[in-house]
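A quick write-up on the structure given underneath.
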Amino acid sequence: MAETAQAGRKARIGIIGAGSWAVANHLPILKRHPGVELVGVARPGAAELAKVKEAFGFAHAYETYEELLANVEMDGVIIASPHHLHAEQAMAALAKGSHVMVEKPMATNSDDARKLIAAAEAAGREILVPYGWSFQPYFKKAHELVASGRIGRIRHVSAQMATPIEDLVSGGELQGTENEMFRPERATWAHPGTGGYGWGQLVHMLGGLFYVTDLEPQSVFALLGKSAIDTDIHNALAMTFAGGATGSLSGSASVPPGSAFQVDIRLFGTEGMLLLDVERERLWLRRLDGQDEEMAIEPGAGAYTCVTPVEAFVDICLGIPTENCGNAQVGLRSVQVVEAMLKSGETRTMVDVA
């Protein structure tokens with residue numbers, strides 16, 4: 001759907017939900033990008049809105065997303081609002097003809113995620129979900145190895161993610177954000193239905209897993225560890241995938257503050273296995289025939305970064321061909337797993353993915 005980019009043209013980009021992560025990551029990247037014109041911003045709170053408008057030089061600023069979409073022409077819209085608003089606002093942006101970068105999770109139920117996919121297809125627009133790790137060279141290499149059949153048919157997945165975020169998803173303030181323009185909204189992260197570890201963090205690993213493997217989730221049985229306010233902070237999942245593969249997935253918010261993020265994905269196939277570990281920065285392939293491979297990862301390159309997804313979104317808006325490692329299908333599958341996980345945790349039954 002990419003069009004030929006015009007020389008010197010700038011992508012007109014707006015943002016809905018200029019909160020803690022948007023002002024810390026997305027907007028600084030866009031402000032310094034030579035191919036971007038920041039045309040409009042929407043967020044509640046007059047004082048906060050004025051602060052964002054001044055800091056990033058927006059021409060237009062509104063307290064509601066409806067006003068932004070009604071008054072500003074945009075090639076691309078970034079949705080970085082609370083989780084439960086993502087689908088509604090992304091749908092409205094697609095209806096105006098904009099490409100959409102929608103923060104994780106793409107939606108908080110699979111029905112809304114599917115509606116977004118249909119709307120994007122009807123509009124001829126693209127959805128990008130910024131799974132930061134998925135856009136890194138070592139994830140792209142892992143995707144290439146799996147897609148080329150180097151481990152054969154996947155039979156089992158073992159994956160875990162752990163991050164230092166228990167304070168935030170349990171209703172407190174996130175340590176280390178004391179000097180930021182805005183701190184993460186507790187109402188977003190600590191809401192029992194749409195906050196918690198699954199929606200807030202596990203979707204990062206799921207996005208990476210489904211990008212690397214193209215597996216289709218089929219059923220989930222989950223046990224959840226809860227905080228005092230009933231948000232999930234520990235996730236233990238047993239899964240099946242279309243085609244017969246099984247999976248064991250784990251998530252935990254309880255890494256001590258200041259520690260490195262952990263994402264460890266191991267894929268076991270008919271011809272070998274692949275290990276991808278961001279904490280210890282390693283990617284290697286072990287094959288039954290001994291034709292193994294390893295990819296050197298530079299020290300520090302496993303740390304989480306979300307620069308490349310934003311730059312890829314700009315390319316999409318400019319019509320420059322680029323790989324969308326966080327496409328809408330990957331976003332849907334991540335939503336399906338968390339949705340089924342939470343339902344299974346309540347019912348203590350195996351839940352078929354919707």
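Following the order of the structure tokens, chains are lettered A, B, ..., residues in each are numbered from 1, and ligands are numbered from 1.
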
Query raised in the report: When DSSP works through the backbone of this structure, what residues of range 238-334 of chain A end up as alpha helix (DSSP H), shown as a ChimeraX atom specification?
Result: /A:307-318,328-334

Query raised in the report: Any idea what's packed within 6 Å of range 324-338 of chain A, counting only C-alpha atoms, ignoring anything in its chain fewer than 2 positions away? Could you give it as a list in words?
Result: Met106, Ser110, Ala113, Ile127, Leu128, Val129, Pro130, Tyr131, Ser134, Phe135, Gly198, Val203, Leu206, Gly207, Phe210, Ala340, Met341 and Val353 of chain A

Report summary line: Using only C-alpha atoms, the best pick from A:Gly225, A:Gly193, A:Gly269, A:Gly97 as closest to Ala253 in chain A would be A:Gly225

**Report entry** Shell of 7 Å around range 307-310 of chain A, only C-alpha atoms, local chain residues under 3 positions omitted, as a ChimeraX atom specification
**Finding:** /A:26,29,130,132,135,313-314

Query raised in the report: Hey, what's within 12 Å of Ala95 in chain A if we count only C-alpha atoms and toss same-chain stuff fewer than 3 positions away? As JSON, numbers by chain, please?
Result: {"A": [66, 69, 70, 74, 76, 77, 88, 89, 90, 91, 92, 98, 99, 100, 115, 116, 118, 119, 120, 121, 122, 123, 124, 125]}

Requested in this report: Find the residues around range 7-12 of chain A up to 9 Å (only C-alpha atoms counted), leave out those fewer than 6 positions away in its own chain, and share them as a list of chain:residue names.
Outcome: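 The neighbour list is A:Pro34, A:Gly35, A:Val36, A:Glu37, A:Leu38, A:Val39, A:Gly40, A:Glu73, A:Met74, A:Asp75, A:Gly76, A:Val77, A:Val314, A:Asp315, A:Cys317, A:Leu318.
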
Export of the given selection (all heavy atoms) as a tab-separated table (two decimals), in the first residue's frame:
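Once written, result.tsv looks like this:
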```tsv
chain	number	residue	atom	x	y	z
A	34	PRO	N	13.99	14.63	10.40
A	34	PRO	CA	13.87	15.63	9.33
A	34	PRO	C	12.67	15.44	8.42
A	34	PRO	O	12.29	16.37	7.70
A	34	PRO	CB	15.18	15.45	8.55
A	34	PRO	CG	15.60	14.03	8.82
A	34	PRO	CD	15.17	13.76	10.23
A	35	GLY	N	12.07	14.24	8.46
A	35	GLY	CA	10.94	13.97	7.59
A	35	GLY	C	9.59	14.11	8.26
A	35	GLY	O	8.59	13.61	7.73
A	36	VAL	N	9.53	14.77	9.41
A	36	VAL	CA	8.29	14.85	10.19
A	36	VAL	C	7.88	16.29	10.46
A	36	VAL	O	8.71	17.14	10.79
A	36	VAL	CB	8.45	14.10	11.54
A	36	VAL	CG1	7.27	14.38	12.47
A	36	VAL	CG2	8.59	12.60	11.31
A	37	GLU	N	6.59	16.54	10.33
A	37	GLU	CA	5.97	17.77	10.81
A	37	GLU	C	4.96	17.39	11.89
A	37	GLU	O	4.00	16.67	11.61
A	37	GLU	CB	5.27	18.50	9.68
A	37	GLU	CG	4.59	19.79	10.12
A	37	GLU	CD	3.77	20.44	9.02
A	37	GLU	OE1	3.72	19.88	7.90
A	37	GLU	OE2	3.17	21.50	9.29
A	38	LEU	N	5.21	17.83	13.11
A	38	LEU	CA	4.29	17.55	14.21
A	38	LEU	C	3.13	18.55	14.13
A	38	LEU	O	3.30	19.72	14.45
A	38	LEU	CB	5.01	17.65	15.55
A	38	LEU	CG	6.00	16.53	15.87
A	38	LEU	CD1	6.81	16.85	17.12
A	38	LEU	CD2	5.27	15.20	16.04
A	39	VAL	N	1.98	18.05	13.71
A	39	VAL	CA	0.90	18.98	13.38
A	39	VAL	C	-0.17	19.12	14.45
A	39	VAL	O	-0.86	20.14	14.52
A	39	VAL	CB	0.23	18.59	12.05
A	39	VAL	CG1	1.19	18.81	10.90
A	39	VAL	CG2	-0.28	17.16	12.07
A	40	GLY	N	-0.35	18.08	15.29
A	40	GLY	CA	-1.43	18.19	16.26
A	40	GLY	C	-1.30	17.22	17.41
A	40	GLY	O	-0.75	16.13	17.25
A	73	GLU	N	-5.42	17.78	9.33
A	73	GLU	CA	-5.12	16.75	8.35
A	73	GLU	C	-3.80	16.07	8.74
A	73	GLU	O	-2.80	16.74	8.93
A	73	GLU	CB	-5.00	17.35	6.95
A	73	GLU	CG	-6.31	17.88	6.40
A	73	GLU	CD	-7.30	16.76	6.11
A	73	GLU	OE1	-6.85	15.67	5.70
A	73	GLU	OE2	-8.51	16.97	6.31
A	74	MET	N	-3.83	14.73	8.81
A	74	MET	CA	-2.64	14.00	9.26
A	74	MET	C	-2.41	12.77	8.39
A	74	MET	O	-3.35	12.05	8.05
A	74	MET	CB	-2.80	13.58	10.73
A	74	MET	CG	-2.81	14.74	11.70
A	74	MET	SD	-3.27	14.25	13.40
A	74	MET	CE	-5.05	14.05	13.21
A	75	ASP	N	-1.15	12.54	8.05
A	75	ASP	CA	-0.78	11.31	7.34
A	75	ASP	C	-0.73	10.13	8.31
A	75	ASP	O	-1.01	9.00	7.93
A	75	ASP	CB	0.59	11.47	6.68
A	75	ASP	CG	0.63	12.63	5.71
A	75	ASP	OD1	-0.17	12.61	4.75
A	75	ASP	OD2	1.45	13.55	5.91
A	76	GLY	N	-0.34	10.41	9.54
A	76	GLY	CA	-0.24	9.36	10.54
A	76	GLY	C	-0.63	9.87	11.91
A	76	GLY	O	-0.40	11.04	12.25
A	77	VAL	N	-1.26	8.98	12.68
A	77	VAL	CA	-1.67	9.31	14.04
A	77	VAL	C	-1.10	8.26	14.98
A	77	VAL	O	-1.21	7.06	14.73
A	77	VAL	CB	-3.20	9.35	14.19
A	77	VAL	CG1	-3.60	9.61	15.64
A	77	VAL	CG2	-3.80	10.42	13.27
A	314	VAL	N	7.19	6.50	10.46
A	314	VAL	CA	7.39	7.67	9.60
A	314	VAL	C	7.56	7.24	8.15
A	314	VAL	O	6.98	7.83	7.23
A	314	VAL	CB	8.60	8.50	10.08
A	314	VAL	CG1	8.88	9.64	9.10
A	314	VAL	CG2	8.37	9.05	11.47
A	315	ASP	N	8.36	6.20	7.93
A	315	ASP	CA	8.55	5.69	6.56
A	315	ASP	C	7.22	5.26	5.94
A	315	ASP	O	6.94	5.53	4.77
A	315	ASP	CB	9.51	4.50	6.57
A	315	ASP	CG	10.96	4.92	6.78
A	315	ASP	OD1	11.25	6.13	6.66
A	315	ASP	OD2	11.80	4.04	7.04
A	317	CYS	N	4.28	6.40	6.66
A	317	CYS	CA	3.52	7.62	6.36
A	317	CYS	C	4.05	8.33	5.11
A	317	CYS	O	3.29	9.00	4.40
A	317	CYS	CB	3.55	8.58	7.55
A	317	CYS	SG	2.67	7.97	9.01
A	318	LEU	N	5.34	8.19	4.84
A	318	LEU	CA	5.95	8.82	3.67
A	318	LEU	C	5.87	7.93	2.43
A	318	LEU	O	6.30	8.33	1.35
A	318	LEU	CB	7.41	9.16	3.96
A	318	LEU	CG	7.65	10.30	4.95
A	318	LEU	CD1	9.13	10.40	5.31
A	318	LEU	CD2	7.16	11.63	4.37
```

Query - Those in range 213-336 of chain A with strand (DSSP E) from DSSP, as an MDAnalysis selection string - result: chainID A and resid 217:226 232:241 246:252 262:269 272:277 282:287 293:295

Requested in this report: Measuring atom to atom with only C-alpha atoms, identify which of A:Phe241, A:Trp21, A:Tyr304, A:Phe261 is nearest to Trp133 in chain A.
Outcome: A:Tyr304

Exercise: Gly200 in chain A partners within 9 Å, only C-alpha atoms, chain neighbours under 4 positions left out, as a short mmCIF file (atom, residue, chain, number, x, y, z; two decimals) with C-alpha atoms, in the first residue's frame:
```
data_model
loop_
_atom_site.label_atom_id
_atom_site.label_comp_id
_atom_site.auth_asym_id
_atom_site.auth_seq_id
_atom_site.Cartn_x
_atom_site.Cartn_y
_atom_site.Cartn_z
CA HIS A 83 -5.08 0.85 27.07
CA LYS A 104 0.58 -1.90 23.08
CA PRO A 105 -1.91 -3.47 23.42
CA VAL A 169 0.92 -2.30 38.25
CA THR A 188 -3.96 2.97 33.33
CA TRP A 189 -1.48 0.47 34.73
CA THR A 194 -7.27 -3.34 31.44
CA GLY A 195 -4.07 -2.82 33.43
CA GLY A 196 -1.81 -5.34 35.08
CA HIS A 204 5.91 -7.01 24.42
#
```

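The residue that comes closest to Asp289 in chain A, out of A:Glu323, A:Glu54, A:Asp214, A:Glu271 and on the basis of only C-alpha atoms, is A:Glu271.
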
Query raised in the report: For Phe268 in chain A, which residue out of A:Ile154, A:Phe182, A:Met239, A:Ala222 is the nearest one, using only C-alpha atoms?
Result: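 Closest to Phe268 in chain A, using only C-alpha atoms: A:Ile154.
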